[in-house]
$ cat run.csv   # CSV, C-alpha atoms
chain,number,residue,atom,x,y,z
A,1,PHE,CA,72.2,7.4,198.1
A,2,ASN,CA,68.9,9.1,197.3
A,3,LEU,CA,66.5,7.3,199.6
A,4,PHE,CA,68.6,7.1,202.7
A,5,ASN,CA,70.4,10.4,202.6
A,6,ARG,CA,69.8,12.5,205.7
A,7,LYS,CA,68.9,15.7,203.8
A,8,LYS,CA,65.2,15.9,203.6
A,9,HIS,CA,64.7,18.4,200.8
A,10,LEU,CA,61.7,18.4,198.7
A,11,PRO,CA,62.6,16.8,195.3
A,12,ILE,CA,61.5,19.8,193.2
A,13,ASN,CA,61.9,23.5,193.4
A,14,TYR,CA,61.8,26.1,190.6
A,15,LYS,CA,65.2,27.8,190.9
A,16,ASN,CA,66.8,26.2,187.8
A,17,ASN,CA,65.9,24.9,184.3
A,18,PHE,CA,66.4,21.3,185.2
A,19,ASN,CA,63.7,21.3,187.8
A,20,LEU,CA,61.3,22.8,185.2
A,21,ILE,CA,62.3,19.9,182.9
A,22,ILE,CA,61.6,17.5,185.7
A,23,LEU,CA,58.1,19.1,186.1
A,24,ILE,CA,57.5,18.7,182.4
A,25,PHE,CA,58.5,15.0,182.6
A,26,LEU,CA,56.2,14.5,185.5
A,27,VAL,CA,53.2,16.1,183.7
A,28,TYR,CA,54.1,14.1,180.6
A,29,PHE,CA,53.7,10.8,182.4
A,30,ILE,CA,50.7,11.9,184.5
A,31,SER,CA,48.9,13.0,181.4
A,32,GLN,CA,48.8,9.3,180.3
A,33,ILE,CA,46.8,8.3,183.4
A,34,PRO,CA,43.3,9.3,181.9
A,35,GLY,CA,44.0,7.0,178.9
A,36,LEU,CA,44.5,4.1,181.2
A,37,ILE,CA,41.4,4.8,183.2
A,38,PHE,CA,38.9,5.7,180.5
A,39,THR,CA,39.8,3.1,177.8
A,40,ASN,CA,40.2,-0.7,177.8
A,41,ASN,CA,44.0,-0.5,178.0
A,42,ASN,CA,45.6,-2.7,180.5
A,43,ILE,CA,45.6,-1.0,183.9
A,44,LEU,CA,48.7,-3.0,184.8
A,45,ASN,CA,50.7,-0.8,182.5
A,46,SER,CA,50.5,1.8,185.3
A,47,TYR,CA,53.7,0.0,186.5
A,48,TYR,CA,55.6,1.9,183.9
A,49,LEU,CA,54.1,5.2,185.2
A,50,LEU,CA,55.1,4.3,188.8
A,51,VAL,CA,58.8,3.5,188.0
A,52,SER,CA,59.1,6.5,185.7
A,53,LEU,CA,57.8,8.9,188.3
A,54,MET,CA,60.0,7.4,190.9
A,55,SER,CA,63.1,7.7,188.6
A,56,ILE,CA,62.2,11.3,187.9
A,57,LEU,CA,61.9,12.3,191.6
A,58,LEU,CA,65.1,10.4,192.6
A,59,VAL,CA,67.2,12.0,189.8
A,60,SER,CA,65.8,15.4,190.8
A,61,LYS,CA,66.9,14.8,194.4
A,62,SER,CA,70.3,13.6,193.3
A,63,PHE,CA,70.8,16.7,191.2
A,64,LYS,CA,70.2,18.9,194.2
A,65,GLU,CA,72.5,16.8,196.5
A,66,ASN,CA,75.3,16.4,193.9
A,67,PHE,CA,74.9,12.7,193.3
A,68,THR,CA,74.4,13.1,189.6
A,69,ILE,CA,77.9,11.9,188.5
A,70,ILE,CA,77.7,9.0,190.9
A,71,ASN,CA,74.3,8.0,189.3
A,72,TYR,CA,75.9,8.2,185.9
A,73,GLN,CA,78.8,6.0,186.9
A,74,ILE,CA,76.5,3.5,188.5
A,75,SER,CA,74.4,3.4,185.4
A,76,LEU,CA,77.5,2.7,183.2
A,77,ILE,CA,78.6,-0.1,185.6
A,78,VAL,CA,75.2,-1.8,185.5
A,79,LEU,CA,75.0,-1.3,181.7
A,80,SER,CA,78.5,-2.7,181.3
A,81,LEU,CA,77.7,-5.9,183.2
A,82,LEU,CA,74.5,-6.4,181.1
A,83,THR,CA,76.3,-5.7,177.8
A,84,LEU,CA,79.2,-8.0,178.8
A,85,ILE,CA,76.8,-10.9,179.7
A,86,TYR,CA,74.6,-10.5,176.6
A,87,GLY,CA,77.6,-9.7,174.3
A,88,LEU,CA,79.5,-12.9,175.3
A,89,ALA,CA,76.3,-14.9,174.9
A,90,THR,CA,75.9,-13.4,171.4
A,91,TYR,CA,79.6,-14.2,170.5
A,92,LYS,CA,79.1,-17.8,171.7
A,93,TRP,CA,75.9,-18.1,169.6
A,94,PHE,CA,77.6,-16.6,166.6
A,95,PHE,CA,80.6,-19.0,166.7
A,96,PHE,CA,79.0,-22.3,167.7
A,97,ASP,CA,75.2,-22.2,167.3
A,98,THR,CA,74.3,-20.4,164.1
A,99,ILE,CA,75.2,-20.1,160.4
A,100,ASN,CA,74.7,-16.3,160.6
A,101,LEU,CA,77.6,-14.1,159.6
A,102,ASN,CA,76.3,-11.2,161.7
A,103,PHE,CA,74.7,-10.7,165.1
A,104,TYR,CA,71.3,-9.8,163.7
A,105,GLY,CA,68.5,-12.1,164.8
A,106,THR,CA,70.0,-13.1,168.1
A,107,PHE,CA,66.7,-12.9,169.9
A,108,PRO,CA,65.6,-15.2,171.4
A,109,SER,CA,67.9,-18.1,170.4
A,110,ALA,CA,71.2,-16.6,171.6
A,111,TYR,CA,69.8,-16.2,175.1
A,112,ILE,CA,67.7,-19.3,175.4
A,113,TYR,CA,69.4,-20.3,178.6
A,114,MET,CA,68.7,-17.0,180.2
A,115,ASN,CA,64.9,-17.4,180.1
A,116,GLU,CA,64.8,-18.7,183.6
A,117,PHE,CA,66.3,-15.4,184.8
A,118,SER,CA,64.2,-13.2,182.6
A,119,SER,CA,62.1,-13.6,179.4
A,120,ASN,CA,62.6,-9.9,178.7
A,121,VAL,CA,66.0,-10.5,177.0
A,122,ILE,CA,67.7,-7.9,174.9
A,123,ARG,CA,67.4,-7.8,171.1
A,124,SER,CA,70.3,-7.2,168.7
A,125,SER,CA,69.2,-3.5,168.3
A,126,GLY,CA,69.1,-3.1,172.0
A,127,LEU,CA,72.6,-4.6,172.4
A,128,ALA,CA,73.9,-2.1,169.8
A,129,ARG,CA,72.2,0.7,171.7
A,130,SER,CA,73.8,-0.3,175.0
A,131,SER,CA,77.2,-0.7,173.3
A,132,MET,CA,76.8,2.8,171.8
A,133,ILE,CA,76.0,4.4,175.2
A,134,LEU,CA,79.1,2.7,176.7
A,135,ILE,CA,81.5,3.4,173.8
A,136,ILE,CA,80.8,7.2,173.8
A,137,PRO,CA,82.9,8.0,176.9
A,138,LEU,CA,85.5,5.4,175.7
A,139,ILE,CA,85.9,7.1,172.3
A,140,LEU,CA,86.3,10.4,174.0
A,141,TRP,CA,88.9,8.9,176.3
A,142,ILE,CA,90.8,7.4,173.3
A,143,LEU,CA,90.9,10.9,171.7
A,144,ILE,CA,92.3,12.4,174.8
A,145,ASN,CA,94.8,9.7,175.8
A,146,LYS,CA,97.0,7.1,174.3
A,147,ILE,CA,95.3,3.8,173.7
A,148,ASN,CA,96.3,0.8,175.8
A,149,GLN,CA,95.1,-2.7,176.5
A,150,TYR,CA,92.7,-1.5,179.1
A,151,SER,CA,90.9,0.7,176.6
A,152,LEU,CA,91.6,-1.3,173.4
A,153,ILE,CA,89.9,-4.5,174.6
A,154,PRO,CA,86.6,-3.0,175.6
A,155,PHE,CA,86.7,-0.7,172.6
A,156,LEU,CA,87.1,-3.7,170.1
A,157,PHE,CA,84.4,-5.7,172.0
A,158,LEU,CA,81.8,-2.8,171.9
A,159,SER,CA,82.6,-1.6,168.4
A,160,SER,CA,82.4,-5.2,167.0
A,161,ILE,CA,79.0,-5.5,168.6
A,162,ILE,CA,77.9,-2.3,166.9
A,163,TYR,CA,79.4,-3.4,163.5
A,164,LEU,CA,78.0,-7.0,163.6
A,165,THR,CA,74.5,-6.3,164.9
A,166,GLN,CA,74.2,-4.1,161.8
A,167,SER,CA,71.7,-1.7,163.4
A,168,ARG,CA,71.7,1.0,160.7
A,169,VAL,CA,70.6,3.7,163.2
A,170,VAL,CA,73.5,3.0,165.6
A,171,ILE,CA,76.2,2.5,162.9
A,172,PHE,CA,75.2,5.8,161.2
A,173,PHE,CA,75.4,7.7,164.5
A,174,TYR,CA,78.8,6.0,165.3
A,175,VAL,CA,80.4,7.1,162.0
A,176,ILE,CA,79.0,10.7,162.1
A,177,PHE,CA,80.0,11.0,165.8
A,178,VAL,CA,83.6,9.9,165.2
A,179,ILE,CA,83.9,12.1,162.1
A,180,PHE,CA,82.6,15.1,164.0
A,181,LEU,CA,85.0,14.6,166.9
A,182,ILE,CA,87.9,14.3,164.6
A,183,ILE,CA,87.0,17.4,162.6
A,184,PHE,CA,86.0,19.5,165.6
A,185,TYR,CA,88.6,18.5,168.2
A,186,LEU,CA,91.6,17.3,166.2
A,187,ARG,CA,91.7,19.9,163.4
A,188,ASN,CA,94.8,21.6,164.9
A,189,LYS,CA,96.7,18.3,165.5
A,190,ASN,CA,99.4,17.0,163.2
A,191,ILE,CA,98.4,14.7,160.3
A,192,LYS,CA,100.1,11.7,161.9
A,193,HIS,CA,98.0,12.1,165.0
A,194,ILE,CA,94.8,12.5,163.1
A,195,ILE,CA,95.5,9.5,160.9
A,196,SER,CA,96.2,7.3,163.9
A,197,LYS,CA,92.9,8.3,165.6
A,198,ILE,CA,91.0,7.7,162.3
A,199,PHE,CA,92.6,4.2,162.0
A,200,ILE,CA,91.8,3.3,165.6
A,201,LEU,CA,88.2,4.6,165.7
A,202,LEU,CA,87.0,3.9,162.2
A,203,LEU,CA,89.2,1.3,160.4
A,204,LEU,CA,90.3,-0.9,163.3
A,205,PRO,CA,86.7,-1.9,164.3
A,206,ILE,CA,86.0,-3.0,160.7
A,207,ILE,CA,89.2,-5.0,160.4
A,208,PHE,CA,88.6,-6.7,163.8
A,209,SER,CA,85.0,-7.5,163.0
A,210,ASN,CA,85.9,-9.0,159.7
A,211,LEU,CA,88.6,-11.1,161.4
A,212,VAL,CA,85.9,-12.3,163.7
A,213,ILE,CA,83.7,-13.3,160.7
A,214,PHE,CA,86.7,-15.0,159.0
A,215,SER,CA,87.5,-16.9,162.2
A,216,LYS,CA,83.9,-18.0,162.4
A,217,GLU,CA,83.8,-19.1,158.8
A,218,THR,CA,87.1,-21.1,159.3
A,219,ILE,CA,85.5,-22.9,162.3
A,220,ARG,CA,82.3,-23.5,160.3
A,221,THR,CA,83.9,-25.0,157.2
A,222,ILE,CA,86.4,-27.1,159.1
A,223,ASN,CA,83.6,-28.7,161.1
A,224,PHE,CA,81.2,-28.9,158.2
A,225,ASP,CA,81.4,-32.7,157.6
A,226,LYS,CA,80.9,-33.5,161.3
A,227,ILE,CA,78.0,-31.0,161.7
A,228,TYR,CA,76.2,-32.0,158.5
A,229,LYS,CA,76.5,-35.7,159.3
A,230,SER,CA,75.1,-35.1,162.7
A,231,PHE,CA,72.1,-33.2,161.3
A,232,LYS,CA,71.6,-35.8,158.6
A,233,TYR,CA,71.6,-38.7,161.1
A,234,LYS,CA,69.1,-37.0,163.4
A,235,ILE,CA,66.7,-36.2,160.5
A,236,ALA,CA,67.0,-39.8,159.3
A,237,GLN,CA,66.4,-41.3,162.7
A,238,ASP,CA,63.5,-39.3,163.9
A,239,SER,CA,60.8,-37.7,161.7
A,240,LYS,CA,60.1,-35.0,164.2
A,241,TYR,CA,63.4,-33.3,163.3
A,242,LYS,CA,62.5,-30.9,160.5
A,243,GLN,CA,64.5,-28.7,158.3
A,244,LEU,CA,63.9,-25.0,159.2
A,245,ASN,CA,64.6,-21.5,158.2
A,246,HIS,CA,68.1,-20.2,159.3
A,247,TYR,CA,66.6,-17.9,161.9
A,248,HIS,CA,64.3,-20.3,163.8
A,249,VAL,CA,64.9,-23.0,166.3
A,250,ALA,CA,63.5,-26.5,165.9
A,251,PRO,CA,60.9,-26.8,168.7
A,252,ASP,CA,61.8,-30.4,169.4
A,253,LEU,CA,65.5,-30.0,169.1
A,254,ASN,CA,68.0,-28.9,171.5
A,255,PRO,CA,67.3,-25.1,171.3
A,256,HIS,CA,70.8,-24.2,170.1
A,257,ILE,CA,70.8,-26.6,167.2
A,258,TYR,CA,70.1,-25.1,163.8
A,259,ILE,CA,69.3,-27.0,160.6
A,260,PRO,CA,69.8,-25.6,157.1
A,261,SER,CA,66.6,-24.9,155.3
A,262,SER,CA,67.0,-27.0,152.2
A,263,GLY,CA,69.9,-29.3,151.2
A,264,GLU,CA,73.6,-29.5,152.1
A,265,HIS,CA,74.6,-26.5,149.8
A,266,LYS,CA,72.4,-24.1,151.8
A,267,PHE,CA,75.0,-24.4,154.6
A,268,TYR,CA,77.2,-21.9,152.6
A,269,VAL,CA,74.7,-19.3,151.4
A,270,GLU,CA,74.5,-17.1,154.4
A,271,LYS,CA,75.4,-13.5,153.6
A,272,LEU,CA,77.4,-10.8,155.4
A,273,VAL,CA,74.5,-8.3,155.4
A,274,ARG,CA,71.5,-8.8,157.6
A,275,PRO,CA,68.2,-9.7,155.9
A,276,LEU,CA,66.2,-6.6,154.9
A,277,GLU,CA,62.6,-6.3,154.0
A,278,ALA,CA,62.5,-5.8,150.2
A,279,GLN,CA,59.4,-3.6,150.4
A,280,SER,CA,60.2,-1.5,153.4
A,281,PHE,CA,63.6,0.3,154.0
A,282,SER,CA,62.3,1.4,157.4
A,283,SER,CA,61.5,-2.1,158.6
A,284,ASN,CA,57.8,-1.2,158.3
A,285,ARG,CA,58.1,1.6,160.8
A,286,VAL,CA,56.4,4.2,158.6
A,287,ASN,CA,53.3,1.9,158.3
A,288,TYR,CA,53.2,1.6,162.1
A,289,TRP,CA,53.2,5.4,162.4
A,290,LYS,CA,50.4,5.7,159.9
A,291,ASP,CA,48.4,3.0,161.6
A,292,VAL,CA,48.7,4.6,165.1
A,293,ILE,CA,47.6,8.0,163.7
A,294,SER,CA,44.7,6.6,161.7
A,295,ASN,CA,43.4,4.2,164.5
A,296,SER,CA,43.5,6.7,167.3
A,297,LYS,CA,40.1,8.2,168.3
A,298,ARG,CA,41.5,10.0,171.3
A,299,PRO,CA,43.8,12.6,169.8
A,300,PHE,CA,44.0,14.8,172.9
A,301,PHE,CA,44.6,12.3,175.8
A,302,GLY,CA,45.5,9.0,174.1
A,303,TYR,CA,45.1,5.5,175.5
A,304,GLY,CA,47.5,5.5,178.4
A,305,VAL,CA,50.9,3.8,178.8
A,306,LEU,CA,51.9,1.5,175.9
A,307,GLY,CA,49.1,3.0,173.9
A,308,ASP,CA,50.7,2.0,170.7
A,309,ARG,CA,50.4,-1.7,171.6
A,310,PHE,CA,46.8,-1.1,172.5
A,311,LEU,CA,46.1,0.4,169.1
A,312,ILE,CA,48.1,-1.7,166.7
A,313,ASN,CA,49.5,-4.5,169.0
A,314,LYS,CA,53.1,-3.4,168.0
A,315,ASN,CA,55.9,-1.1,169.1
A,316,SER,CA,55.4,2.2,167.2
A,317,SER,CA,59.2,2.7,167.1
A,318,ASN,CA,59.1,6.5,167.4
A,319,ALA,CA,59.0,8.6,170.6
A,320,PHE,CA,56.6,11.2,169.2
A,321,ILE,CA,54.2,8.6,167.7
A,322,TYR,CA,54.3,6.7,171.0
A,323,SER,CA,53.5,9.9,172.9
A,324,TYR,CA,50.6,10.6,170.6
A,325,ALA,CA,49.2,7.0,171.2
A,326,SER,CA,49.7,7.1,175.0
A,327,GLY,CA,49.0,10.7,175.9
A,328,GLY,CA,47.7,12.4,172.8
A,329,ILE,CA,48.7,15.9,171.6
A,330,VAL,CA,49.3,17.0,175.2
A,331,SER,CA,52.1,14.4,175.6
A,332,VAL,CA,53.5,15.2,172.1
A,333,LEU,CA,53.8,18.9,173.0
A,334,LEU,CA,55.5,18.1,176.3
A,335,ILE,CA,58.1,15.8,174.9
A,336,THR,CA,58.7,18.3,172.0
A,337,ILE,CA,59.7,20.9,174.7
A,338,ILE,CA,62.2,18.5,176.2
A,339,PHE,CA,63.7,17.7,172.8
A,340,ALA,CA,63.9,21.4,171.9
A,341,ARG,CA,65.6,22.3,175.2
A,342,TYR,CA,68.4,19.7,174.9
A,343,ILE,CA,69.0,20.1,171.2
A,344,PHE,CA,69.6,23.8,172.0
A,345,LEU,CA,71.6,23.1,175.1
A,346,ASN,CA,73.9,20.5,173.4
A,347,ILE,CA,74.5,22.9,170.5
A,348,LYS,CA,75.3,25.7,172.9
A,349,LEU,CA,77.7,23.6,175.1
A,350,ILE,CA,79.6,22.1,172.1
A,351,LEU,CA,79.6,24.8,169.4
A,352,ILE,CA,79.2,28.1,171.4
A,353,ASP,CA,80.7,27.4,174.8
A,354,LYS,CA,83.2,25.0,173.2
A,355,ILE,CA,83.8,22.7,176.1
A,356,VAL,CA,87.4,21.6,176.0
A,357,LEU,CA,88.1,17.9,175.3
A,358,ASN,CA,90.1,16.8,178.3
A,359,ASN,CA,89.8,14.4,181.2
A,360,ASN,CA,88.1,16.9,183.5
A,361,ASN,CA,85.3,17.4,181.0
A,362,LEU,CA,85.0,13.7,180.0
A,363,ILE,CA,81.7,13.0,181.9
A,364,THR,CA,80.1,16.2,180.7
A,365,LEU,CA,81.0,15.6,177.1
A,366,SER,CA,79.9,12.0,177.4
A,367,SER,CA,76.5,13.2,178.7
A,368,ILE,CA,76.1,15.7,175.9
A,369,PHE,CA,76.7,13.1,173.2
A,370,THR,CA,74.7,10.4,175.0
A,371,THR,CA,71.6,12.6,175.2
A,372,SER,CA,72.2,13.5,171.5
A,373,PHE,CA,72.3,9.8,170.6
A,374,LEU,CA,69.2,8.9,172.6
A,375,MET,CA,67.2,11.7,171.2
A,376,TYR,CA,68.3,10.8,167.7
A,377,ARG,CA,67.5,7.1,168.3
A,378,SER,CA,64.1,8.0,169.6
A,379,LEU,CA,63.1,9.0,166.1
A,380,VAL,CA,63.0,5.3,165.2
A,381,GLU,CA,62.5,3.7,168.6
A,382,VAL,CA,60.3,4.5,171.5
A,383,GLY,CA,63.4,4.9,173.6
A,384,ILE,CA,63.2,7.7,176.2
A,385,ALA,CA,59.4,8.1,175.9
A,386,VAL,CA,58.8,5.2,178.2
A,387,PHE,CA,60.6,3.8,181.2
A,388,SER,CA,63.7,1.9,180.0
A,389,ILE,CA,67.4,1.8,180.3
A,390,ASP,CA,67.4,4.7,177.8
A,391,PHE,CA,65.1,6.8,180.0
A,392,VAL,CA,67.2,6.3,183.2
A,393,VAL,CA,70.5,7.1,181.4
A,394,PHE,CA,68.9,10.1,179.6
A,395,LEU,CA,67.6,11.7,182.8
A,396,THR,CA,71.0,11.3,184.4
A,397,CYS,CA,72.8,12.8,181.5
A,398,LEU,CA,70.4,15.7,181.3
A,399,ALA,CA,71.1,16.5,185.0
A,400,ILE,CA,74.9,16.5,184.2
A,401,CYS,CA,74.4,18.9,181.3
A,402,GLU,CA,72.3,21.2,183.3
A,403,LYS,CA,74.7,21.1,186.2
A,404,SER,CA,77.5,22.0,183.8
A,405,ILE,CA,75.8,25.0,182.4
A,406,SER,CA,74.6,26.3,185.8
A,407,GLN,CA,78.2,26.0,187.2
A,408,LYS,CA,79.5,28.0,184.2
A,409,TYR,CA,77.1,30.8,184.9
A,410,ASN,CA,77.7,30.7,188.7
A,411,ASN,CA,81.4,30.9,188.1
$ encode --input "run.csv" --output "structure tokens"
Amino acid sequence: FNLFNRKKHLPINYKNNFNLIILIFLVYFISQIPGLIFTNNNILNSYYLLVSLMSILLVSKSFKENFTIINYQISLIVLSLLTLIYGLATYKWFFFDTINLNFYGTFPSAYIYMNEFSSNVIRSSGLARSSMILIIPLILWILINKINQYSLIPFLFLSSIIYLTQSRVVIFFYVIFVIFLIIFYLRNKNIKHIISKIFILLLLPIIFSNLVIFSKETIRTINFDKIYKSFKYKIAQDSKYKQLNHYHVAPDLNPHIYIPSSGEHKFYVEKLVRPLEAQSFSSNRVNYWKDVISNSKRPFFGYGVLGDRFLINKNSSNAFIYSYASGGIVSVLLITIIFARYIFLNIKLILIDKIVLNNNNLITLSSIFTTSFLMYRSLVEVGIAVFSIDFVVFLTCLAICEKSISQKYNN
């Protein structure tokens, strides 16, 4: 739509706030070019600059030519296909290929057969992120309409992924999001209606997910003798088969075969809760942030795209820390302006303008809460600070929010 539309407008003008935001995003990414040129960072990382700038210009053009909602719908369709493929692969791994009682640690073993397609497969936290983006409009739809099989099946599928991947950031947002919706939009409804929505949105996912775990445990224990005898035979027949940790694949085995770490009784010790680092509640993120700040010798212009990997060889897991590593203080100031703009705009649209919860406003409300989720998640993931699924969806949702507020004032 964008590239081949007959209208030949320039992608940017300065007549509305969204185009100023587009300009800030452009400067944000361009400010990371000096770091690539004047340091030893990998010049091939300029790929991320190229696709980011292209995305920004195309979203700007679609905003002007009223393709924004179409862009959002296409984004959801593509994201739905990816989430369905990886979600089903995760379910298959969960039931048949692992002793895990949750979806944490799916990378890379759950997607071992997808490596020929792409080695850049999704991790459990990314699967939870994608599910949250998709479930936001679905939750709003469930609040507006009566639930049926067409909404219940995808809702249970997505909510079970969020519950079982045990991404603390996503689960916390999900719970707060649902509670806010119920308090803010259903406070004038009768008690029966409120209780039914609470049951569907909060309790039903927990019940369904635990039924999934129970079903998996039933399959696992019924087949225990056969599985254990198979492992024991292979270990006895060939010394190259070794006993490994639960979360690793034996390099010489069929990639989807797992061996308990020590003894037959270990087959039953897997816990419901994901393994956590005993010494770091933040999964070592705070130390990464400290390392980036202490190692950076270029505070004003940074080290270019993926500057965090250049400095500490790890993902910094924070949009602001990443911006500091890649574009220095300049980039941090620019992304702070973007965050400030859309924190203000989202608060205004929901709490001041009080957009009504109905089918006509479904896409607008979905965009508001999606941008809120992606900004919130960027506090513990790079997210929207670099080209990614997050970034494309975020840009599109920003355009919808800006379009909504500009139409309000025009009317």
$ residues_around --input "run.csv" --residues "segment 119-133 of chain A" --least-positions-apart "2" --cutoff "10 Å" --atoms "all atoms listed in the file" --output "VMD selection string"
chain A and resid 76 79 to 80 82 to 84 86 to 87 90 103 to 108 110 to 117 135 to 138 154 to 155 157 to 171 173 to 174 366 to 367 369 to 371 373 to 374 377 381 383 389 to 390 393
$ atom_distance --input "run.csv" --atom1 "atom CA of Ile206 of chain A" --atom2 "atom CA of Phe172 of chain A"
13.9 Å
$ atom_distance --input "run.csv" --atom1 "atom CA of Gly307 of chain A" --atom2 "atom CA of Ser294 of chain A"
13.5 Å
$ closest_residue --input "run.csv" --among "A:Phe18, A:Tyr28, A:Ile69, A:Tyr185" --to "Val386 of chain A" --atoms "only C-alpha atoms"
A:Tyr28
$ atom_distance --input "run.csv" --atom1 "atom CA of Ile142 of chain A" --atom2 "atom CA of Ser75 of chain A"
20.8 Å
$ residues_around --input "run.csv" --residues "Tyr342 of chain A" --least-positions-apart "3" --cutoff "8 Å" --atoms "all atoms listed in the file" --output "ChimeraX atom specification"
/A:338-339,345-346,371,398
$ closest_atom_pairs --input "run.csv" --of "segment 67-103 of chain A" --to "segment 208-222 of chain A" --cutoff "9 Å" --atoms "only C-alpha atoms" --output "JSON lines"
{"residue": "A:Phe94", "atom": "CA", "partner": "A:Lys216", "partner_atom": "CA", "distance": 7.7}
{"residue": "A:Phe95", "atom": "CA", "partner": "A:Lys216", "partner_atom": "CA", "distance": 5.5}
{"residue": "A:Phe96", "atom": "CA", "partner": "A:Arg220", "partner_atom": "CA", "distance": 8.2}
{"residue": "A:Ile99", "atom": "CA", "partner": "A:Arg220", "partner_atom": "CA", "distance": 7.9}
{"residue": "A:Leu101", "atom": "CA", "partner": "A:Ile213", "partner_atom": "CA", "distance": 6.2}
{"residue": "A:Asn102", "atom": "CA", "partner": "A:Ile213", "partner_atom": "CA", "distance": 7.8}
$ closest_residue --input "run.csv" --among "A:Leu152, A:Ile352, A:Leu333, A:Ile56" --to "Leu204 of chain A" --atoms "all atoms listed in the file"
A:Leu152
$ residues_around --input "run.csv" --residues "Leu202 of chain A" --least-positions-apart "4" --cutoff "10 Å" --atoms "all atoms listed in the file" --output "compact mmCIF listing (two decimals) with C-alpha atoms, in the frame of the given file"
# COMPACT_ATOMS: atom_id res chain seq x y z
CA SER A 159 82.60 -1.60 168.40
CA TYR A 174 78.80 6.00 165.30
CA VAL A 175 80.40 7.10 162.00
CA VAL A 178 83.60 9.90 165.20
CA ILE A 179 83.90 12.10 162.10
CA SER A 196 96.20 7.30 163.90
CA LYS A 197 92.90 8.30 165.60
CA ILE A 198 91.00 7.70 162.30
CA ILE A 206 86.00 -3.00 160.70
CA ILE A 207 89.20 -5.00 160.40
$ closest_residue --input "run.csv" --among "A:Ile22, A:Leu36, A:Ile191, A:Val59" --to "Gly327 of chain A" --atoms "only C-alpha atoms"
A:Leu36
